[in-house]
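Visitor: Sending over a structure as structure tokens; questions will come in a sec.
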Amino acid sequence: MITARTSTVLALALALLGAPAAAQLPGTPPAPAPLKPTKLPPLREATLPNGMRLLVVESHKLPTVALTLAMRAGDFTDPAGKEGLAGMTATLLTKGAGSRTAEQVSAAIEGAGGSLAAGTSADALTINASALSDSTALVFELLGDAVARPTFDQKEVDLAKTQTLSSLQLQNSQPATVANRVFNRELYGEGAYARSATPASVGSLSRDDVTRFYASRVKPRGALLVVSGDIDLATATRLATSAFKGWTGTPAALPAIGAPRPRTKNEIVLVHRPSSVQANVVVGGPTFAGTDPRIYALLVANRVLGGGGSSRLFQVLREQKSWTYGSYSSFTWNRGIGAFAATVEARNAVVDSALVEMLAQLRRLRDEPVPATEFASARDAIVGSFPLAIETAQQLGSSIARARLLGLPDDYVRMYRTRVAAVTPARAQAVVKQVIDPDKALIVVVGDATVLRDRLAKIAPVRVIRPDGTPVADAELAGPRPGTGIDVSKLVAAHDSFAVLVQGNPFGTSVRNVERTADGVKITEHSVLGPIMSQNTELLIGPDGAMRSVMQRGTVQGMETKIDAAYTSGHVKGAATTVGQAGPKSVSYDTSVVAGIIDDNAISSVVPTLAWAPGASFTLPVFASGEGVARSITLKVTGKQSVTVPAGTFDSYVVEMTGGPVPVNLYVTAAQPYRIVRTVPVGPPIEIVLVK
Amino acid sequence: MAKPTPARPRTPLRRALAAAALTALPLTRLAAQKPAPLPLDIYTLPNGLQVILAEDHAAPVVAVDVTYHVGSSNESPGRTGFAHLFEHMMFQGSAHVKKGEHMSLLEAAGSAGYNGTTIEDRTNYYEPLPSNRLNLGLWLEADRMRSLDITDESFNVQREAVKEERRLRVDNQPYTKVLFEEGYKAIDSASCYPYSHSIIGSMADLDAAKTADVRQFFKLFYAPNNATLVVAGDFQPAETKKLIEQYFGDIPRAATPPAVTCEARFNAGARRETVRDTKATLPAVMRYYTIPAYDSPDYPALELLGTIVGRGASSRLYRSLAREQKVALSTQTFVNLFGPRRGPGAFVVFTIANKGVAIDTVEAKLNDQIAQLANGVSEEELAKAKNAWRASAIGERSRAATLAAAIQRANLFLGDAKSLDADFDRYAAVTTDDIKRVAATYLRPENSYTFIDSAEAK
């Protein structure tokens, strides 16, 4: 039974506890509890006998240890024409060293539940190793061997080259990577940060290049080893001294980084990515060197603009407009001049609107002070999140290593929050005015230029390029222009036999016959490709040089193919069934075409009628009657060389044919009558050579 | 560092044997090393909300993680992509949080890396915070659990954002057509629709979604009795429990959601297809072998097999296909792509051909390697895989947010958060015979679906 007295005691106790069961959620966000100081774990330093610095971040929370060895031998030290050398040297450091082969190195580190990886950034070459801490000695040994005793086995060099070349090809399929690479190239012009590995530069790398780079740049003086986790300074010093024994010397003088290319107005560089459903946009410009104290103001301004989900770009472009999954801004913090960049990926229909809005947001940041509450949120976000950025010993170690490489003072980590907290709205705007100029911005767009070019041209001048930087001709984007038809007088009667070679082995034949008839020219072609394909084609051309008709019958992998197309002036009507990688496909068409268009099956026959000369270039309107698609084909002489085929040795023009499904190189005799002696599509290991 | 305590008093002979074992088998010795048990406080509020607290004062950082037991497996045909679409809605405001304010409040508080993610069986919402702002994280989660604001306007905006996300992640990227969309059709959809369709959903279904559907979804699945709250890191337990009770205690419970039904079928035949991909420049082969749910006793052996076959430079596939025969640019295995599943999943082998190498050649070499598993794996390979597993399990404990996610995983998929500690013994107990057996059971041609990516990008 509860008496009045006990119930009073209960009520009193509940009041004292202050947690009534029916307590409600407050209607406003709770106020922050007092900020806790970030306790930095003890940092201890030593210089090893060979001159390298050792920094230990001690934390025994978990049985793990992590090592980071960094030196100023990043991509900016790549010799001209040898782009990718620093990166490849880094990779090879972990591919066989001391007494271990590459397999033994990876088996040893992975066997200990660890990892060992090396790579380069623009500024630094870094090797990271980690493992459970009862393998600490092994991790030091593997890292020491990697930098002091790398093998650079020729076999590993070859493999690294093959893999790098394939990776470059893979990167070309990733729009964000392409955008970033083109942005740097265009921003830095001739500077060291502009350059990046290309198939040609990687193709030229040899073992000698790697050993020379290693001998001049991978040196202990100036190198920094950060060891973090379950270890102390004495142990780290002892293990490092032993592991890096025999590694001595000073790196060669560093090359100049160079300054960005000056810009006087906005410019759009449009990287053509056919059939892309989205476009990646990067808008930006250069900032300043890594030790510049304006960095703290820029950090806050960037946070306001696009540093997170509550920033202006994200709020406007995604939350208000639904134009994108995300839009952000960031800046690179380099030892040399850095860059800021605002980015968005947007569907084709809204790319131009998104770009206009981004430029408007940049102008607003430059021209208007940030309102006090918005500014405070941005600043507090950076200050508040710092403990999360150095939550683990390994993160803290990386932050310190990074600061050292940039040349920042040693109080950087300790003073970071204080320095950010001191930034005012006026200071942030002043810095933005100095470094962000939305009227002299570099704008890189990666997307389908046939859809985007005209719309983007309303915003700023547009230059269209391929991912490798070569220009894209207008003709390639605009659809075909009228042609002049075929000069029938130059279509000489001929009977040519070709062999089809796959990886150098005969795999099929093709016979082409050109004959004059009472009513123009008839071209017949019979091709057999092993058991895979067999095809007969008949083309009729009128006495005026206009296409009349195409008929093709064949089988591809047992499936029937056919084309029937009839050309009348300015019109083509027909149907086709072709077999591609995805199986048979049928199309029918009845469409207008430009005057003088040529069926794509007739290209080989038309080539002898053109006026070949060194440097000559022809653009022809072509109708692909198998696909029902009109195109512009460009044929361009890129050089001259002697070509030997079964029919003999011919002095030939090298003709690059582009604008079709795959680029093709043709070899056309330099002497008249012109004949195609060799046809090589770019990519597949196939070629077609003249037999007689 | 603490040495393992001997289970029984040791005789000199026993000690000598132990010492010999240490030198002869260094990898076995490593298998003894495990972290200290987690100090977990597990309880349930009267309204059904399960709470798990994991205290750790190493850094002034805390993570809040609310995991709802709902995901794409709860979707029915014509409603795909719904669980994920809903996840976006959870950032759109609630009774006391205006639209857009959820993110700005968190960011101004210094939260970094907050997010929501959706997989087959759960949708999670988490925010790492400086520890003085734990109260904000709890307040935001409580407000949206009780009073999510679902308007036509915010729904339409989020639907478009999800469609953009789909374009970005699936339609405009190489290889994702299979990995993000088609792949799990390897699971028989007639007997197990919940685990055979994609998380991201179809454009048509996203277009057909209505605001009323979202309200219904919230009512059905977003209730305290269908959720688990984890707080990990630097907090004071008494104060935190009080706050949780105050913020979450009076949110009403809802009816138990309908159960997901799935009958796992294995050995449905060797199936294959070629997938057109105009975004890839190098062809690839993706092989899906059907495997059982995460709580299956075979799962640890399958995970370790995944490491032996295709994780790391010393894995079998990488060594043979990429390094020795040079036919592959990359090759790797995933034991489920997005995380654990309560229903059947897939052991996935994803191999990209090297430039100029025919995909048939790559697939033939891959088949050779899988066939060789019939001869078993070495003790050394298994010890290596176990060490890699341990390093990653220990690594999960290094940050508050990853620890909170690990606790949620163990709790939801194994039914007990404490299994995070027990797992160290469970994985240590796997033998080479177990590996041979699971390889023979699941990595069979008749239990596989092979996708060839055509790589038609120019």
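Just remember, in the structure tokens the first chain shown is A, the second B, etc., residues are 1-based per chain, and ligands are 1-based in the order shown.
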Hey, what's within 6 Å of Arg122 in chain B if we count only C-alpha atoms and toss same-chain stuff fewer than 5 positions away? As a ChimeraX atom specification, please?
Guide: /B:68-71
Visitor: Using only C-alpha atoms, I'd like every residue of chain A that has an atom within 6 Å of chain B; please write them out as a PyMOL selection string.
Guide: chain A and resi 23-25+27+30+32-33+35+106-107+111-113+166+173+310+322+324-325+377+380-381+384-385+391
Visitor: Atoms to include: C-alpha atoms. Write the selected residues as an mmCIF file, in the first residue's frame.
Guide:
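As written to disk, again_31.cif reads:
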```
data_model
loop_
_atom_site.group_PDB
_atom_site.id
_atom_site.type_symbol
_atom_site.label_atom_id
_atom_site.label_comp_id
_atom_site.auth_asym_id
_atom_site.auth_seq_id
_atom_site.Cartn_x
_atom_site.Cartn_y
_atom_site.Cartn_z
ATOM 1 C CA ALA A 23 9.098 13.869 -21.284
ATOM 2 C CA GLN A 24 8.773 15.142 -24.810
ATOM 3 C CA LEU A 25 11.085 15.843 -27.681
ATOM 4 C CA GLY A 27 10.703 21.609 -30.417
ATOM 5 C CA PRO A 30 19.307 21.043 -28.387
ATOM 6 C CA PRO A 32 25.703 22.089 -27.970
ATOM 7 C CA ALA A 33 27.314 20.583 -24.886
ATOM 8 C CA LEU A 35 33.274 21.548 -26.773
ATOM 9 C CA SER A 106 52.359 -9.569 -51.844
ATOM 10 C CA ALA A 107 52.047 -12.986 -50.206
ATOM 11 C CA GLY A 111 49.607 -13.093 -45.194
ATOM 12 C CA ALA A 112 49.987 -10.727 -42.237
ATOM 13 C CA GLY A 113 46.569 -9.203 -42.886
ATOM 14 C CA SER A 166 44.905 -0.693 -70.139
ATOM 15 C CA SER A 173 35.459 5.448 -70.261
ATOM 16 C CA SER A 310 23.993 22.264 -47.165
ATOM 17 C CA SER A 322 16.539 18.573 -59.431
ATOM 18 C CA THR A 324 21.666 16.625 -60.664
ATOM 19 C CA TYR A 325 22.492 13.988 -58.093
ATOM 20 C CA SER A 377 27.462 27.545 -40.201
ATOM 21 C CA ASP A 380 31.601 25.931 -37.604
ATOM 22 C CA ALA A 381 31.285 22.939 -39.901
ATOM 23 C CA GLY A 384 33.581 21.101 -35.640
ATOM 24 C CA SER A 385 34.456 18.292 -38.016
ATOM 25 C CA GLU A 391 39.967 10.424 -35.232
#
```
Visitor: For Gly326 in chain A, list every protein, DNA or RNA residue within 10 Å, evaluated using only C-alpha atoms, and leave out those in the same chain fewer than 4 positions away; present the list as a JSON list (two decimals) with C-alpha atoms, in the first residue's frame.
Guide:
```
[["chain", "number", "residue", "atom", "x", "y", "z"],
["A", 306, "GLY", "CA", 29.91, 23.77, -52.50],
["A", 308, "GLY", "CA", 28.82, 19.89, -48.55],
["A", 309, "GLY", "CA", 25.16, 19.01, -48.77],
["A", 313, "LEU", "CA", 25.50, 24.49, -55.17],
["A", 314, "PHE", "CA", 23.93, 21.37, -53.69],
["A", 315, "GLN", "CA", 20.95, 23.24, -52.32],
["A", 317, "LEU", "CA", 21.17, 22.58, -58.29],
["A", 318, "ARG", "CA", 19.94, 19.44, -56.59],
["A", 319, "GLU", "CA", 17.44, 20.32, -53.91],
["A", 322, "SER", "CA", 16.54, 18.57, -59.43],
["A", 343, "THR", "CA", 31.49, 20.38, -60.52],
["A", 344, "VAL", "CA", 28.15, 18.99, -61.57],
["A", 345, "GLU", "CA", 26.94, 15.93, -63.45],
["A", 346, "ALA", "CA", 23.68, 16.73, -65.16],
["B", 161, "ALA", "CA", 17.39, 13.24, -57.70],
["B", 164, "GLU", "CA", 19.82, 11.44, -61.67],
["B", 165, "GLU", "CA", 21.60, 9.12, -59.25],
["B", 168, "LEU", "CA", 25.14, 8.81, -62.80]]
```
Visitor: Taking 4 positions as the minimum chain separation for residues in the same chain, which residues sit within 8 Å of range 116-133 of chain A when counting only C-alpha atoms? Answer as a PyMOL selection string.
Guide: (chain A and resi 63-76+86-87+90-91+93-94+106+109+112+139+143+193+230-231+334-335+405) or (chain B and resi 391)
Visitor: If you measure from CA of Asp600 in chain A to CA of Glu656 in chain A, what distance in Å do you get, rounded to one decimal?
Guide: 15.8 Å
Visitor: Between CA of Pro461 in chain A and CA of Gly258 in chain A, what is the distance in Å, rounded to a tenth?
Guide: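 Separation of CA of Pro461 in chain A and CA of Gly258 in chain A: 26.2 Å.
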Visitor: Produce a table with one row for each residue of range 260-293 of chain B that has an atom at most 8 Å from any atom of range 429-447 of chain B, each row naming the nearest atom pair and its distance in Å at one decimal; use only C-alpha atoms; arrange rows by chain and rising residue number; format as JSON lines.
Guide:
```
{"residue": "B:Phe266", "atom": "CA", "partner": "B:Asn447", "partner_atom": "CA", "distance": 5.9}
{"residue": "B:Asn267", "atom": "CA", "partner": "B:Asn447", "partner_atom": "CA", "distance": 4.0}
{"residue": "B:Ala268", "atom": "CA", "partner": "B:Asn447", "partner_atom": "CA", "distance": 5.9}
{"residue": "B:Gly269", "atom": "CA", "partner": "B:Glu446", "partner_atom": "CA", "distance": 4.0}
{"residue": "B:Ala270", "atom": "CA", "partner": "B:Glu446", "partner_atom": "CA", "distance": 4.2}
{"residue": "B:Arg271", "atom": "CA", "partner": "B:Glu446", "partner_atom": "CA", "distance": 7.7}
{"residue": "B:Tyr289", "atom": "CA", "partner": "B:Asn447", "partner_atom": "CA", "distance": 5.6}
{"residue": "B:Thr290", "atom": "CA", "partner": "B:Asn447", "partner_atom": "CA", "distance": 6.1}
{"residue": "B:Ile291", "atom": "CA", "partner": "B:Tyr442", "partner_atom": "CA", "distance": 6.4}
```
Visitor: I need the residues of range 235-438 of chain B that end up classed as strand (DSSP E or B) by DSSP on the backbone, written out as a PyMOL selection string.
Guide: chain B and resi 271-275+284-291+328-335+345-353
Visitor: Report as a VMD selection string all protein, DNA and RNA residues lying within 6 Å of range 269-274 of chain A, evaluated on only C-alpha atoms, omitting residues in the same chain fewer than 2 positions from it.
Guide: chain A and resid 276 444 to 449 462 to 467
Visitor: For the selection just defined, write its residues with N, CA and C atoms to a file, as a PDB file, in the first residue's frame.
Guide:
```
ATOM      1  N   SER A 276      26.683  10.015 -74.793  1.00  0.00           N
ATOM      2  CA  SER A 276      26.621  10.188 -73.345  1.00  0.00           C
ATOM      3  C   SER A 276      25.247  10.747 -72.962  1.00  0.00           C
ATOM      4  N   VAL A 444      35.196  23.014 -68.368  1.00  0.00           N
ATOM      5  CA  VAL A 444      35.361  21.759 -69.114  1.00  0.00           C
ATOM      6  C   VAL A 444      34.054  20.984 -69.015  1.00  0.00           C
ATOM      7  N   VAL A 445      33.556  20.553 -70.161  1.00  0.00           N
ATOM      8  CA  VAL A 445      32.327  19.754 -70.197  1.00  0.00           C
ATOM      9  C   VAL A 445      32.647  18.455 -70.930  1.00  0.00           C
ATOM     10  N   VAL A 446      32.333  17.326 -70.327  1.00  0.00           N
ATOM     11  CA  VAL A 446      32.505  16.042 -71.006  1.00  0.00           C
ATOM     12  C   VAL A 446      31.120  15.506 -71.323  1.00  0.00           C
ATOM     13  N   GLY A 447      30.794  15.404 -72.598  1.00  0.00           N
ATOM     14  CA  GLY A 447      29.455  14.944 -72.968  1.00  0.00           C
ATOM     15  C   GLY A 447      29.338  14.845 -74.479  1.00  0.00           C
ATOM     16  N   ASP A 448      28.119  14.583 -74.928  1.00  0.00           N
ATOM     17  CA  ASP A 448      27.888  14.398 -76.356  1.00  0.00           C
ATOM     18  C   ASP A 448      27.840  15.767 -77.050  1.00  0.00           C
ATOM     19  N   ALA A 449      28.896  16.076 -77.799  1.00  0.00           N
ATOM     20  CA  ALA A 449      29.006  17.406 -78.402  1.00  0.00           C
ATOM     21  C   ALA A 449      27.935  17.656 -79.457  1.00  0.00           C
ATOM     22  N   VAL A 462      33.127  27.894 -77.463  1.00  0.00           N
ATOM     23  CA  VAL A 462      33.305  26.454 -77.254  1.00  0.00           C
ATOM     24  C   VAL A 462      34.381  25.899 -78.177  1.00  0.00           C
ATOM     25  N   ARG A 463      35.264  25.112 -77.612  1.00  0.00           N
ATOM     26  CA  ARG A 463      36.243  24.373 -78.416  1.00  0.00           C
ATOM     27  C   ARG A 463      35.978  22.892 -78.177  1.00  0.00           C
ATOM     28  N   VAL A 464      35.779  22.124 -79.249  1.00  0.00           N
ATOM     29  CA  VAL A 464      35.447  20.701 -79.093  1.00  0.00           C
ATOM     30  C   VAL A 464      36.696  19.858 -79.327  1.00  0.00           C
ATOM     31  N   ILE A 465      36.972  18.982 -78.361  1.00  0.00           N
ATOM     32  CA  ILE A 465      38.153  18.124 -78.488  1.00  0.00           C
ATOM     33  C   ILE A 465      37.785  16.678 -78.152  1.00  0.00           C
ATOM     34  N   ARG A 466      38.725  15.788 -78.443  1.00  0.00           N
ATOM     35  CA  ARG A 466      38.608  14.395 -77.989  1.00  0.00           C
ATOM     36  C   ARG A 466      39.294  14.290 -76.629  1.00  0.00           C
ATOM     37  N   PRO A 467      39.089  13.184 -75.923  1.00  0.00           N
ATOM     38  CA  PRO A 467      39.742  13.052 -74.615  1.00  0.00           C
ATOM     39  C   PRO A 467      41.258  13.233 -74.678  1.00  0.00           C
TER      40      PRO A 467
END
```
Visitor: Please provide the set of residues having any atom within 12 Å of Thr517 in chain A, restricted to only C-alpha atoms, with same-chain residues fewer than 2 positions apart removed, written as number ranges by chain.
Guide: A: 488, 491-493, 514-515, 519-523, 540-543
Visitor: For the structure I just gave you, how does DSSP split range 366-415 of chain A - specifically, which residues are alpha helix (DSSP H)? Reply as a CSV table (one decimal) with N, CA and C atoms, in the first residue's frame.
Guide:
```csv
chain,number,residue,atom,x,y,z
A,366,ARG,N,31.5,36.2,-55.1
A,366,ARG,CA,32.5,37.2,-55.3
A,366,ARG,C,31.9,38.6,-54.9
A,367,ASP,N,30.7,38.8,-55.3
A,367,ASP,CA,30.1,40.2,-55.3
A,367,ASP,C,29.4,40.5,-54.0
A,372,ALA,N,25.7,36.5,-42.2
A,372,ALA,CA,26.4,36.1,-41.0
A,372,ALA,C,26.0,34.7,-40.5
A,373,THR,N,24.7,34.3,-40.5
A,373,THR,CA,24.4,32.9,-40.0
A,373,THR,C,24.9,31.9,-41.0
A,374,GLU,N,24.8,32.1,-42.3
A,374,GLU,CA,25.3,31.1,-43.3
A,374,GLU,C,26.8,31.0,-43.1
A,375,PHE,N,27.4,32.1,-42.9
A,375,PHE,CA,28.9,32.1,-42.8
A,375,PHE,C,29.3,31.3,-41.5
A,376,ALA,N,28.6,31.6,-40.4
A,376,ALA,CA,29.0,30.9,-39.2
A,376,ALA,C,28.8,29.4,-39.3
A,377,SER,N,27.7,29.0,-40.0
A,377,SER,CA,27.5,27.5,-40.2
A,377,SER,C,28.6,26.9,-40.9
A,378,ALA,N,29.0,27.6,-42.0
A,378,ALA,CA,30.1,27.0,-42.8
A,378,ALA,C,31.4,26.9,-42.0
A,379,ARG,N,31.7,28.0,-41.3
A,379,ARG,CA,32.9,28.0,-40.5
A,379,ARG,C,32.9,27.0,-39.4
A,380,ASP,N,31.7,26.9,-38.7
A,380,ASP,CA,31.6,25.9,-37.6
A,380,ASP,C,31.7,24.5,-38.1
A,381,ALA,N,31.2,24.3,-39.3
A,381,ALA,CA,31.3,22.9,-39.9
A,381,ALA,C,32.7,22.5,-40.0
A,382,ILE,N,33.6,23.4,-40.5
A,382,ILE,CA,35.0,23.0,-40.6
A,382,ILE,C,35.7,22.8,-39.3
A,383,VAL,N,35.4,23.8,-38.4
A,383,VAL,CA,36.0,23.7,-37.0
A,383,VAL,C,35.5,22.4,-36.3
A,384,GLY,N,34.2,22.2,-36.4
A,384,GLY,CA,33.6,21.1,-35.6
A,384,GLY,C,34.0,19.7,-36.2
A,385,SER,N,34.2,19.6,-37.5
A,385,SER,CA,34.5,18.3,-38.0
A,385,SER,C,35.9,17.9,-37.9
A,386,PHE,N,36.8,18.8,-37.5
A,386,PHE,CA,38.2,18.5,-37.4
A,386,PHE,C,38.5,17.2,-36.6
A,387,PRO,N,37.9,17.1,-35.4
A,387,PRO,CA,38.2,15.8,-34.6
A,387,PRO,C,37.9,14.6,-35.4
A,388,LEU,N,36.9,14.6,-36.3
A,388,LEU,CA,36.6,13.4,-37.1
A,388,LEU,C,37.7,13.2,-38.2
A,389,ALA,N,38.3,14.2,-38.6
A,389,ALA,CA,39.4,14.1,-39.6
A,389,ALA,C,40.7,13.5,-39.0
A,393,ALA,N,44.9,7.4,-35.2
A,393,ALA,CA,46.3,7.7,-35.2
A,393,ALA,C,46.8,7.8,-36.7
A,394,GLN,N,46.3,6.9,-37.5
A,394,GLN,CA,46.7,6.9,-38.9
A,394,GLN,C,46.3,8.2,-39.6
A,395,GLN,N,45.0,8.6,-39.4
A,395,GLN,CA,44.6,9.9,-40.0
A,395,GLN,C,45.4,11.0,-39.5
A,396,LEU,N,45.7,11.1,-38.3
A,396,LEU,CA,46.5,12.2,-37.7
A,396,LEU,C,47.9,12.1,-38.4
A,397,GLY,N,48.5,10.9,-38.5
A,397,GLY,CA,49.8,10.8,-39.1
A,397,GLY,C,49.8,11.3,-40.5
A,398,SER,N,48.7,11.0,-41.3
A,398,SER,CA,48.6,11.4,-42.7
A,398,SER,C,48.5,12.9,-42.8
A,399,SER,N,47.7,13.5,-41.9
A,399,SER,CA,47.6,15.0,-41.9
A,399,SER,C,48.9,15.7,-41.6
A,400,ILE,N,49.7,15.1,-40.7
A,400,ILE,CA,51.0,15.7,-40.4
A,400,ILE,C,51.9,15.6,-41.6
A,401,ALA,N,51.9,14.4,-42.2
A,401,ALA,CA,52.8,14.1,-43.3
A,401,ALA,C,52.4,15.1,-44.5
A,402,ARG,N,51.2,15.3,-44.7
A,402,ARG,CA,50.7,16.1,-45.8
A,402,ARG,C,51.2,17.6,-45.6
A,403,ALA,N,51.0,18.0,-44.3
A,403,ALA,CA,51.4,19.4,-44.0
A,403,ALA,C,52.9,19.6,-44.2
A,404,ARG,N,53.7,18.6,-43.8
A,404,ARG,CA,55.1,18.7,-44.0
A,404,ARG,C,55.5,18.8,-45.5
A,405,LEU,N,54.8,18.0,-46.3
A,405,LEU,CA,55.1,18.0,-47.7
A,405,LEU,C,54.8,19.3,-48.4
A,406,LEU,N,53.7,19.9,-47.9
A,406,LEU,CA,53.3,21.2,-48.4
A,406,LEU,C,54.2,22.3,-48.0
A,412,TYR,N,50.7,23.5,-37.7
A,412,TYR,CA,49.5,23.4,-38.6
A,412,TYR,C,48.3,22.6,-37.9
A,413,VAL,N,48.6,21.4,-37.5
A,413,VAL,CA,47.5,20.6,-36.9
A,413,VAL,C,46.9,21.3,-35.7
A,414,ARG,N,47.8,21.7,-34.8
A,414,ARG,CA,47.4,22.2,-33.5
A,414,ARG,C,46.6,23.5,-33.7
A,415,MET,N,47.0,24.4,-34.7
A,415,MET,CA,46.4,25.7,-34.8
A,415,MET,C,45.2,25.7,-35.8
```
Visitor: Would you pick out the contacts of Asp292 in chain A at 10 Å or less, using only C-alpha atoms, so that residues sharing its chain but fewer than 3 positions from it are not included, and give the list as a PyMOL selection string?
Guide: chain A and resi 287-289+295-296+335+337+408
